[in-house]
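Visitor: Next comes the structure file data-v3.cif, holding mmCIF, N, CA and C atoms.
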```
data_coords
#
loop_
_atom_site.label_atom_id
_atom_site.label_comp_id
_atom_site.auth_asym_id
_atom_site.auth_seq_id
_atom_site.Cartn_x
_atom_site.Cartn_y
_atom_site.Cartn_z
N MET A 13 123.16 87.90 114.44
CA MET A 13 121.78 88.32 114.22
C MET A 13 121.07 87.25 113.38
N LYS A 14 119.88 86.89 113.79
CA LYS A 14 119.09 85.90 113.07
C LYS A 14 118.60 86.48 111.75
N PRO A 15 118.55 85.65 110.68
CA PRO A 15 117.99 86.15 109.42
C PRO A 15 116.49 86.38 109.55
N GLN A 16 115.97 87.21 108.68
CA GLN A 16 114.53 87.47 108.67
C GLN A 16 113.77 86.21 108.28
N THR A 17 112.59 86.07 108.82
CA THR A 17 111.69 85.01 108.40
C THR A 17 110.97 85.50 107.14
N PRO A 18 110.40 84.59 106.34
CA PRO A 18 109.63 85.04 105.17
C PRO A 18 108.49 85.99 105.56
N GLU A 19 107.87 85.74 106.71
CA GLU A 19 106.78 86.61 107.16
C GLU A 19 107.29 88.02 107.44
N GLN A 20 108.49 88.12 108.04
CA GLN A 20 109.08 89.43 108.31
C GLN A 20 109.44 90.13 107.01
N ILE A 21 109.94 89.41 106.04
CA ILE A 21 110.29 90.01 104.76
C ILE A 21 109.06 90.61 104.11
N ILE A 22 107.97 89.86 104.13
CA ILE A 22 106.73 90.36 103.54
C ILE A 22 106.22 91.57 104.31
N ALA A 23 106.22 91.48 105.64
CA ALA A 23 105.65 92.54 106.46
C ALA A 23 106.50 93.80 106.47
N TYR A 24 107.82 93.65 106.55
CA TYR A 24 108.69 94.80 106.78
C TYR A 24 109.69 95.09 105.66
N GLY A 25 109.67 94.31 104.59
CA GLY A 25 110.66 94.46 103.52
C GLY A 25 110.67 95.84 102.89
N GLU A 26 109.50 96.39 102.62
CA GLU A 26 109.44 97.71 101.99
C GLU A 26 109.92 98.80 102.95
N VAL A 27 109.63 98.65 104.23
CA VAL A 27 110.10 99.60 105.24
C VAL A 27 111.63 99.60 105.24
N ALA A 28 112.22 98.40 105.35
CA ALA A 28 113.67 98.27 105.40
C ALA A 28 114.33 98.81 104.13
N THR A 29 113.78 98.46 102.98
CA THR A 29 114.35 98.91 101.71
C THR A 29 114.31 100.42 101.60
N SER A 30 113.19 101.02 101.95
CA SER A 30 113.04 102.47 101.87
C SER A 30 114.03 103.18 102.80
N LEU A 31 114.13 102.70 104.03
CA LEU A 31 115.04 103.33 104.98
C LEU A 31 116.51 103.10 104.62
N ARG A 32 116.86 101.89 104.16
CA ARG A 32 118.25 101.62 103.76
C ARG A 32 118.65 102.52 102.59
N GLU A 33 117.75 102.68 101.63
CA GLU A 33 118.03 103.54 100.48
C GLU A 33 118.24 104.99 100.92
N TRP A 34 117.38 105.47 101.82
CA TRP A 34 117.52 106.83 102.33
C TRP A 34 118.85 106.99 103.06
N CYS A 35 119.19 106.03 103.91
CA CYS A 35 120.45 106.09 104.65
C CYS A 35 121.65 106.11 103.70
N LYS A 36 121.62 105.26 102.71
CA LYS A 36 122.73 105.19 101.75
C LYS A 36 122.87 106.51 101.00
N THR A 37 121.77 107.05 100.54
CA THR A 37 121.78 108.30 99.78
C THR A 37 122.26 109.48 100.63
N ASN A 38 121.91 109.47 101.91
CA ASN A 38 122.20 110.61 102.77
C ASN A 38 123.33 110.39 103.77
N GLY A 39 124.02 109.26 103.66
CA GLY A 39 125.13 108.98 104.57
C GLY A 39 124.69 108.86 106.02
N LYS A 40 123.55 108.26 106.24
CA LYS A 40 122.98 108.13 107.59
C LYS A 40 123.03 106.68 108.05
N ARG A 41 122.79 106.49 109.36
CA ARG A 41 122.80 105.16 109.95
C ARG A 41 121.61 105.01 110.88
N ALA A 42 121.49 103.85 111.50
CA ALA A 42 120.38 103.58 112.42
C ALA A 42 120.33 104.60 113.55
N GLN A 43 121.48 105.02 114.03
CA GLN A 43 121.53 106.01 115.10
C GLN A 43 120.84 107.31 114.67
N ASP A 44 121.00 107.68 113.40
CA ASP A 44 120.37 108.90 112.89
C ASP A 44 118.85 108.73 112.81
N ILE A 45 118.41 107.54 112.46
CA ILE A 45 116.97 107.26 112.43
C ILE A 45 116.40 107.34 113.84
N ASN A 46 117.13 106.79 114.81
CA ASN A 46 116.70 106.88 116.20
C ASN A 46 116.58 108.34 116.65
N ALA A 47 117.54 109.17 116.25
CA ALA A 47 117.52 110.59 116.62
C ALA A 47 116.28 111.29 116.06
N ILE A 48 115.90 110.93 114.84
CA ILE A 48 114.72 111.54 114.22
C ILE A 48 113.47 111.31 115.06
N VAL A 49 113.36 110.13 115.64
CA VAL A 49 112.16 109.80 116.44
C VAL A 49 112.38 110.07 117.94
N GLY A 50 113.48 110.78 118.26
CA GLY A 50 113.71 111.20 119.64
C GLY A 50 114.19 110.11 120.57
N LYS A 51 114.87 109.12 120.04
CA LYS A 51 115.36 108.01 120.87
C LYS A 51 116.89 108.06 120.94
N PRO A 52 117.49 107.43 121.96
CA PRO A 52 118.96 107.40 122.06
C PRO A 52 119.56 106.61 120.90
N ALA A 53 120.83 106.91 120.59
CA ALA A 53 121.52 106.28 119.46
C ALA A 53 121.50 104.76 119.52
N ASN A 54 121.59 104.18 120.72
CA ASN A 54 121.64 102.72 120.83
C ASN A 54 120.26 102.07 120.98
N TYR A 55 119.20 102.82 120.80
CA TYR A 55 117.84 102.29 120.86
C TYR A 55 117.67 101.26 119.75
N SER A 56 116.95 100.18 119.99
CA SER A 56 116.89 99.08 119.03
C SER A 56 116.00 99.34 117.81
N ALA A 57 115.04 100.26 117.91
CA ALA A 57 114.05 100.42 116.84
C ALA A 57 114.68 100.72 115.48
N GLY A 58 115.57 101.69 115.41
CA GLY A 58 116.18 102.04 114.12
C GLY A 58 116.89 100.86 113.48
N PHE A 59 117.57 100.07 114.29
CA PHE A 59 118.26 98.89 113.79
C PHE A 59 117.25 97.85 113.28
N GLN A 60 116.17 97.66 114.03
CA GLN A 60 115.14 96.70 113.61
C GLN A 60 114.49 97.12 112.30
N TRP A 61 114.18 98.40 112.15
CA TRP A 61 113.54 98.88 110.92
C TRP A 61 114.46 98.70 109.72
N LEU A 62 115.75 99.00 109.89
CA LEU A 62 116.72 98.85 108.79
C LEU A 62 116.94 97.38 108.43
N ASN A 63 116.79 96.49 109.40
CA ASN A 63 117.03 95.07 109.17
C ASN A 63 115.75 94.29 108.86
N GLY A 64 114.64 95.01 108.64
CA GLY A 64 113.40 94.36 108.26
C GLY A 64 112.79 93.51 109.35
N LYS A 65 112.95 93.92 110.59
CA LYS A 65 112.41 93.14 111.70
C LYS A 65 111.31 93.89 112.45
N GLY A 66 110.92 95.03 111.90
CA GLY A 66 109.87 95.81 112.53
C GLY A 66 109.54 97.02 111.68
N ALA A 67 108.48 97.73 112.08
CA ALA A 67 108.06 98.94 111.38
C ALA A 67 107.72 100.01 112.41
N PRO A 68 107.91 101.27 112.06
CA PRO A 68 107.61 102.34 113.01
C PRO A 68 106.12 102.44 113.34
N SER A 69 105.84 102.93 114.55
CA SER A 69 104.45 103.21 114.94
C SER A 69 103.94 104.37 114.10
N LYS A 70 102.64 104.62 114.16
CA LYS A 70 102.06 105.71 113.38
C LYS A 70 102.75 107.04 113.70
N TYR A 71 102.96 107.32 114.98
CA TYR A 71 103.61 108.56 115.38
C TYR A 71 105.02 108.65 114.79
N ASN A 72 105.80 107.57 114.90
CA ASN A 72 107.16 107.56 114.37
C ASN A 72 107.18 107.61 112.84
N ARG A 73 106.17 107.02 112.19
CA ARG A 73 106.07 107.10 110.73
C ARG A 73 105.93 108.55 110.30
N ILE A 74 105.09 109.29 111.01
CA ILE A 74 104.88 110.70 110.68
C ILE A 74 106.19 111.48 110.81
N LEU A 75 106.91 111.26 111.92
CA LEU A 75 108.20 111.93 112.12
C LEU A 75 109.20 111.56 111.03
N LEU A 76 109.29 110.25 110.73
CA LEU A 76 110.24 109.79 109.72
C LEU A 76 109.88 110.30 108.32
N ALA A 77 108.60 110.29 108.00
CA ALA A 77 108.17 110.76 106.68
C ALA A 77 108.53 112.23 106.49
N LYS A 78 108.30 113.04 107.52
CA LYS A 78 108.63 114.48 107.43
C LYS A 78 110.13 114.69 107.29
N ALA A 79 110.92 113.95 108.06
CA ALA A 79 112.37 114.14 108.07
C ALA A 79 113.08 113.56 106.85
N THR A 80 112.54 112.46 106.32
CA THR A 80 113.24 111.76 105.24
C THR A 80 112.64 111.99 103.87
N GLY A 81 111.37 112.38 103.82
CA GLY A 81 110.68 112.51 102.54
C GLY A 81 110.14 111.18 102.02
N ILE A 82 110.29 110.12 102.80
CA ILE A 82 109.75 108.81 102.42
C ILE A 82 108.25 108.83 102.70
N PRO A 83 107.41 108.45 101.72
CA PRO A 83 105.96 108.42 101.98
C PRO A 83 105.62 107.47 103.13
N GLU A 84 104.64 107.86 103.93
CA GLU A 84 104.23 107.04 105.08
C GLU A 84 103.88 105.61 104.70
N GLU A 85 103.24 105.41 103.53
CA GLU A 85 102.85 104.05 103.15
C GLU A 85 104.05 103.14 102.95
N LYS A 86 105.22 103.70 102.63
CA LYS A 86 106.43 102.89 102.48
C LYS A 86 107.07 102.58 103.83
N LEU A 87 106.56 103.20 104.88
CA LEU A 87 107.06 102.96 106.23
C LEU A 87 106.06 102.17 107.06
N THR A 88 105.05 101.62 106.40
CA THR A 88 103.97 100.91 107.07
C THR A 88 104.10 99.40 106.85
N LYS A 89 103.87 98.65 107.91
CA LYS A 89 103.91 97.18 107.84
C LYS A 89 102.81 96.68 106.90
N ARG A 90 103.18 95.72 106.04
CA ARG A 90 102.17 95.01 105.25
C ARG A 90 101.52 93.99 106.16
N LYS A 91 100.24 93.78 105.98
CA LYS A 91 99.53 92.87 106.88
C LYS A 91 99.61 91.40 106.48
N SER A 92 99.68 91.10 105.18
CA SER A 92 99.68 89.70 104.77
C SER A 92 100.07 89.56 103.31
N PHE A 93 100.11 88.30 102.87
CA PHE A 93 100.34 88.02 101.46
C PHE A 93 99.27 88.65 100.58
N ASP A 94 98.06 88.86 101.13
CA ASP A 94 96.98 89.45 100.35
C ASP A 94 97.35 90.83 99.83
N GLN A 95 98.27 91.52 100.51
CA GLN A 95 98.66 92.85 100.09
C GLN A 95 99.85 92.83 99.15
N VAL A 96 100.37 91.66 98.83
CA VAL A 96 101.51 91.55 97.93
C VAL A 96 101.01 91.10 96.57
N THR A 97 101.32 91.86 95.54
CA THR A 97 100.87 91.51 94.20
C THR A 97 102.05 91.44 93.24
N ILE A 98 101.90 90.65 92.23
CA ILE A 98 102.88 90.57 91.17
C ILE A 98 102.18 90.98 89.89
N GLU A 99 102.73 91.97 89.20
CA GLU A 99 102.09 92.44 87.99
C GLU A 99 102.12 91.36 86.91
N LYS A 100 101.02 91.21 86.20
CA LYS A 100 100.89 90.20 85.16
C LYS A 100 101.39 90.77 83.83
N PRO A 101 102.35 90.08 83.17
CA PRO A 101 102.87 90.59 81.90
C PRO A 101 101.92 90.29 80.74
N PRO A 102 102.12 90.97 79.60
CA PRO A 102 101.32 90.65 78.41
C PRO A 102 101.55 89.19 77.99
N THR A 103 100.62 88.64 77.26
CA THR A 103 100.70 87.22 76.92
C THR A 103 101.51 86.94 75.65
N THR A 104 101.80 87.93 74.84
CA THR A 104 102.58 87.70 73.62
C THR A 104 104.00 87.32 74.00
N LYS A 105 104.46 86.16 73.51
CA LYS A 105 105.78 85.69 73.87
C LYS A 105 106.78 85.96 72.75
N PHE A 106 107.97 86.37 73.15
CA PHE A 106 109.02 86.67 72.20
C PHE A 106 110.16 85.67 72.33
N VAL A 107 110.66 85.47 73.54
CA VAL A 107 111.72 84.51 73.82
C VAL A 107 111.28 83.68 75.02
N SER A 108 111.54 82.39 74.98
CA SER A 108 111.15 81.56 76.11
C SER A 108 112.16 80.46 76.33
N LYS A 109 112.62 80.31 77.56
CA LYS A 109 113.50 79.21 77.96
C LYS A 109 112.86 78.56 79.16
N THR A 110 112.76 77.24 79.18
CA THR A 110 112.13 76.57 80.30
C THR A 110 112.91 75.36 80.75
N SER A 111 112.75 75.03 82.01
CA SER A 111 113.25 73.79 82.59
C SER A 111 112.29 73.43 83.71
N ASP A 112 112.55 72.32 84.41
CA ASP A 112 111.68 71.94 85.52
C ASP A 112 111.79 72.92 86.69
N ILE A 113 112.91 73.61 86.77
CA ILE A 113 113.15 74.49 87.91
C ILE A 113 112.92 75.96 87.56
N LEU A 114 113.32 76.36 86.37
CA LEU A 114 113.29 77.77 86.01
C LEU A 114 112.70 77.97 84.62
N SER A 115 111.78 78.93 84.51
CA SER A 115 111.31 79.30 83.17
C SER A 115 111.48 80.81 83.02
N PHE A 116 111.81 81.24 81.82
CA PHE A 116 112.11 82.63 81.54
C PHE A 116 111.46 83.00 80.22
N THR A 117 110.62 84.01 80.24
CA THR A 117 109.93 84.45 79.03
C THR A 117 110.08 85.95 78.88
N VAL A 118 110.41 86.40 77.68
CA VAL A 118 110.47 87.83 77.37
C VAL A 118 109.41 88.12 76.33
N THR A 119 108.58 89.11 76.58
CA THR A 119 107.51 89.45 75.65
C THR A 119 108.03 90.41 74.58
N ASP A 120 107.22 90.62 73.57
CA ASP A 120 107.62 91.54 72.50
C ASP A 120 107.64 92.99 72.97
N THR A 121 107.10 93.26 74.15
CA THR A 121 107.15 94.61 74.71
C THR A 121 108.36 94.79 75.63
N GLY A 122 109.20 93.75 75.73
CA GLY A 122 110.41 93.85 76.52
C GLY A 122 110.26 93.50 77.99
N GLU A 123 109.13 92.96 78.38
CA GLU A 123 108.94 92.55 79.77
C GLU A 123 109.37 91.11 79.95
N ALA A 124 109.94 90.82 81.11
CA ALA A 124 110.41 89.46 81.38
C ALA A 124 109.54 88.83 82.46
N ARG A 125 109.26 87.56 82.28
CA ARG A 125 108.53 86.78 83.29
C ARG A 125 109.44 85.63 83.69
N ILE A 126 109.73 85.55 84.97
CA ILE A 126 110.63 84.53 85.49
C ILE A 126 109.86 83.72 86.53
N LYS A 127 109.88 82.40 86.38
CA LYS A 127 109.26 81.51 87.36
C LYS A 127 110.33 80.59 87.89
N LEU A 128 110.39 80.48 89.21
CA LEU A 128 111.38 79.63 89.87
C LEU A 128 110.65 78.68 90.81
N ASP A 129 110.90 77.40 90.65
CA ASP A 129 110.30 76.40 91.53
C ASP A 129 111.43 75.55 92.10
N VAL A 130 111.87 75.92 93.28
CA VAL A 130 112.99 75.23 93.90
C VAL A 130 112.81 75.26 95.42
N THR A 131 113.27 74.23 96.08
CA THR A 131 113.25 74.19 97.54
C THR A 131 114.66 74.50 98.02
N LEU A 132 114.74 75.52 98.90
CA LEU A 132 116.03 75.96 99.42
C LEU A 132 116.02 75.94 100.93
N PRO A 133 117.20 75.79 101.54
CA PRO A 133 117.25 75.96 102.99
C PRO A 133 116.96 77.43 103.32
N MET A 134 116.41 77.69 104.50
CA MET A 134 116.02 79.06 104.88
C MET A 134 117.17 80.04 104.73
N GLN A 135 118.39 79.64 105.06
CA GLN A 135 119.51 80.57 104.99
C GLN A 135 119.80 81.01 103.56
N SER A 136 119.39 80.24 102.56
CA SER A 136 119.52 80.65 101.15
C SER A 136 118.26 81.34 100.65
N ALA A 137 117.11 80.88 101.11
CA ALA A 137 115.84 81.41 100.61
C ALA A 137 115.60 82.84 101.07
N VAL A 138 115.91 83.16 102.31
CA VAL A 138 115.62 84.50 102.84
C VAL A 138 116.39 85.57 102.07
N PRO A 139 117.71 85.44 101.84
CA PRO A 139 118.40 86.48 101.06
C PRO A 139 117.86 86.59 99.62
N LEU A 140 117.48 85.46 99.03
CA LEU A 140 116.93 85.50 97.67
C LEU A 140 115.60 86.24 97.66
N PHE A 141 114.74 85.96 98.63
CA PHE A 141 113.45 86.63 98.71
C PHE A 141 113.64 88.12 98.97
N ARG A 142 114.60 88.45 99.84
CA ARG A 142 114.89 89.86 100.14
C ARG A 142 115.37 90.57 98.87
N LEU A 143 116.22 89.92 98.09
CA LEU A 143 116.70 90.48 96.84
C LEU A 143 115.55 90.76 95.88
N ILE A 144 114.62 89.83 95.79
CA ILE A 144 113.45 90.00 94.91
C ILE A 144 112.60 91.17 95.38
N LEU A 145 112.39 91.27 96.69
CA LEU A 145 111.61 92.41 97.22
C LEU A 145 112.34 93.72 96.97
N ASP A 146 113.65 93.74 97.23
CA ASP A 146 114.43 94.96 97.05
C ASP A 146 114.44 95.40 95.58
N ALA A 147 114.35 94.45 94.67
CA ALA A 147 114.35 94.79 93.23
C ALA A 147 113.01 95.36 92.79
N GLY A 148 112.02 95.32 93.67
CA GLY A 148 110.72 95.88 93.32
C GLY A 148 109.87 94.95 92.49
N VAL A 149 110.24 93.66 92.41
CA VAL A 149 109.47 92.71 91.63
C VAL A 149 108.16 92.40 92.32
N VAL A 150 108.20 92.29 93.63
CA VAL A 150 107.00 92.03 94.41
C VAL A 150 106.71 93.32 95.16
N MET A 151 105.52 93.88 94.93
CA MET A 151 105.19 95.18 95.50
C MET A 151 103.90 95.13 96.27
N GLY A 152 103.80 95.98 97.26
CA GLY A 152 102.55 96.12 98.00
C GLY A 152 101.53 96.87 97.17
N SER A 153 100.26 96.58 97.39
CA SER A 153 99.22 97.26 96.63
C SER A 153 98.83 98.56 97.27
#
```
Would you write the structure of this file as structure tokens?
Guide:
Amino acid sequence: MKPQTPEQIIAYGEVATSLREWCKTNGKRAQDINAIVGKPANYSAGFQWLNGKGAPSKYNRILLAKATGIPEEKLTKRKSFDQVTIEKPPTTKFVSKTSDILSFTVTDTGEARIKLDVTLPMQSAVPLFRLILDAGVVMGS
């Protein structure tokens, strides 16, 4: 299976994360997601949604939201980078470590700001970006 592109991670990352979390919590798999939307177990949609390669249609979002308790907005494709925001931390600095590649700052309120400037091959960058999205650091508005 091909890794996700950065565009797919941005567009479908929250969908995949929400569905993977629900599956893990409830002992479910892609086949179960397909059953919820009335499709055969081997239908590709459930697999694509779990792997961040697509998002359910409006009709399927409604079915999934009712069955899983996941809010519809978490099952909706993001349209662009414009919908991705990073919360700005307070400016008071408590601890700071910097280098040309990585800077790390912790404020007196306990918030951390991490900046990374590095060029990676796609096979390394995609899992890192997915990890950042899954951690909730980058969120849709």
Visitor: Do you have the CA of Gln20 in chain A-atom C of Glu84 in chain A distance handy?
Guide: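 Answer for the CA of Gln20 in chain A to atom C of Glu84 in chain A separation: 17.4 Å.
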Visitor: DSSP on the backbone: which residues in range 39-85 of chain A end up as alpha helix (DSSP H)? Give the answer as a list in words.
Guide: Ala42, Gln43, Asp44, Ile45, Asn46, Ala47, Ile48, Ser56, Ala57, Gly58, Phe59, Gln60, Trp61, Leu62, Lys70, Tyr71, Asn72, Arg73, Ile74, Leu75, Leu76, Ala77, Lys78, Ala79 and Thr80 of chain A
Visitor: Just how far from atom N of Ser30 in chain A is CA of Ser56 in chain A, in Å to one decimal?
Guide: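 These two atoms are separated by 17.6 Å.
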Visitor: Which residues match the PyMOL selection byres ((chain A and resi 32-47) around 8) in the file above, as a list in words?
Guide: Glu26, Val27, Ala28, Thr29, Ser30, Leu31, Ile48, Val49, Gly50, Lys51, Pro52, Ala53, Asn54, Tyr55, Ser56, Ala57, Gly58, Phe59, Gln60, Trp61, Leu62, Asn63, Leu76, Thr80 and Ile82 of chain A
Visitor: Just need the box for range 76-81 of chain A, edges along x, y and z, holding every atom the file lists for it with 5 Å tacked onto each side, so centre and edge lengths in Å to one decimal, as JSON.
Guide:
```
{"center_x": 110.7, "center_y": 112.2, "center_z": 106.4, "size_x": 15.1, "size_y": 14.9, "size_z": 18.7}
```
Visitor: Given only C-alpha atoms as the basis, pick out the residue of A:Ala79, A:Thr17, A:Tyr71, A:Thr117 nearest to Leu140 in chain A.
Guide: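 Of all the options, A:Thr17 lies closest to Leu140 in chain A.
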Visitor: Identify the residues around (117.8, 80.0, 108.9) within a radius of 9 Å, measuring from only C-alpha atoms in the coordinates stated by the file, and give them as an mmCIF file with N, CA and C atoms, keeping the file's coordinate frame.
Guide:
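Once written, part17.cif looks like this:
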```
data_model
loop_
_atom_site.group_PDB
_atom_site.id
_atom_site.type_symbol
_atom_site.label_atom_id
_atom_site.label_comp_id
_atom_site.auth_asym_id
_atom_site.auth_seq_id
_atom_site.Cartn_x
_atom_site.Cartn_y
_atom_site.Cartn_z
ATOM 1 N N LYS A 14 119.880 86.890 113.790
ATOM 2 C CA LYS A 14 119.090 85.900 113.070
ATOM 3 C C LYS A 14 118.600 86.480 111.750
ATOM 4 N N PRO A 15 118.550 85.650 110.680
ATOM 5 C CA PRO A 15 117.990 86.150 109.420
ATOM 6 C C PRO A 15 116.490 86.380 109.550
ATOM 7 N N GLN A 16 115.970 87.210 108.680
ATOM 8 C CA GLN A 16 114.530 87.470 108.670
ATOM 9 C C GLN A 16 113.770 86.210 108.280
ATOM 10 N N THR A 17 112.590 86.070 108.820
ATOM 11 C CA THR A 17 111.690 85.010 108.400
ATOM 12 C C THR A 17 110.970 85.500 107.140
ATOM 13 N N PRO A 133 117.200 75.790 101.540
ATOM 14 C CA PRO A 133 117.250 75.960 102.990
ATOM 15 C C PRO A 133 116.960 77.430 103.320
ATOM 16 N N MET A 134 116.410 77.690 104.500
ATOM 17 C CA MET A 134 116.020 79.060 104.880
ATOM 18 C C MET A 134 117.170 80.040 104.730
ATOM 19 N N GLN A 135 118.390 79.640 105.060
ATOM 20 C CA GLN A 135 119.510 80.570 104.990
ATOM 21 C C GLN A 135 119.800 81.010 103.560
ATOM 22 N N SER A 136 119.390 80.240 102.560
ATOM 23 C CA SER A 136 119.520 80.650 101.150
ATOM 24 C C SER A 136 118.260 81.340 100.650
ATOM 25 N N ALA A 137 117.110 80.880 101.110
ATOM 26 C CA ALA A 137 115.840 81.410 100.610
ATOM 27 C C ALA A 137 115.600 82.840 101.070
ATOM 28 N N VAL A 138 115.910 83.160 102.310
ATOM 29 C CA VAL A 138 115.620 84.500 102.840
ATOM 30 C C VAL A 138 116.390 85.570 102.070
#
```
Visitor: Would you mind reading off the distance between atom C of Lys89 in chain A and atom C of Pro139 in chain A, one decimal, in Å?
Guide: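 Computing it gives 19.5 Å between the two atoms.
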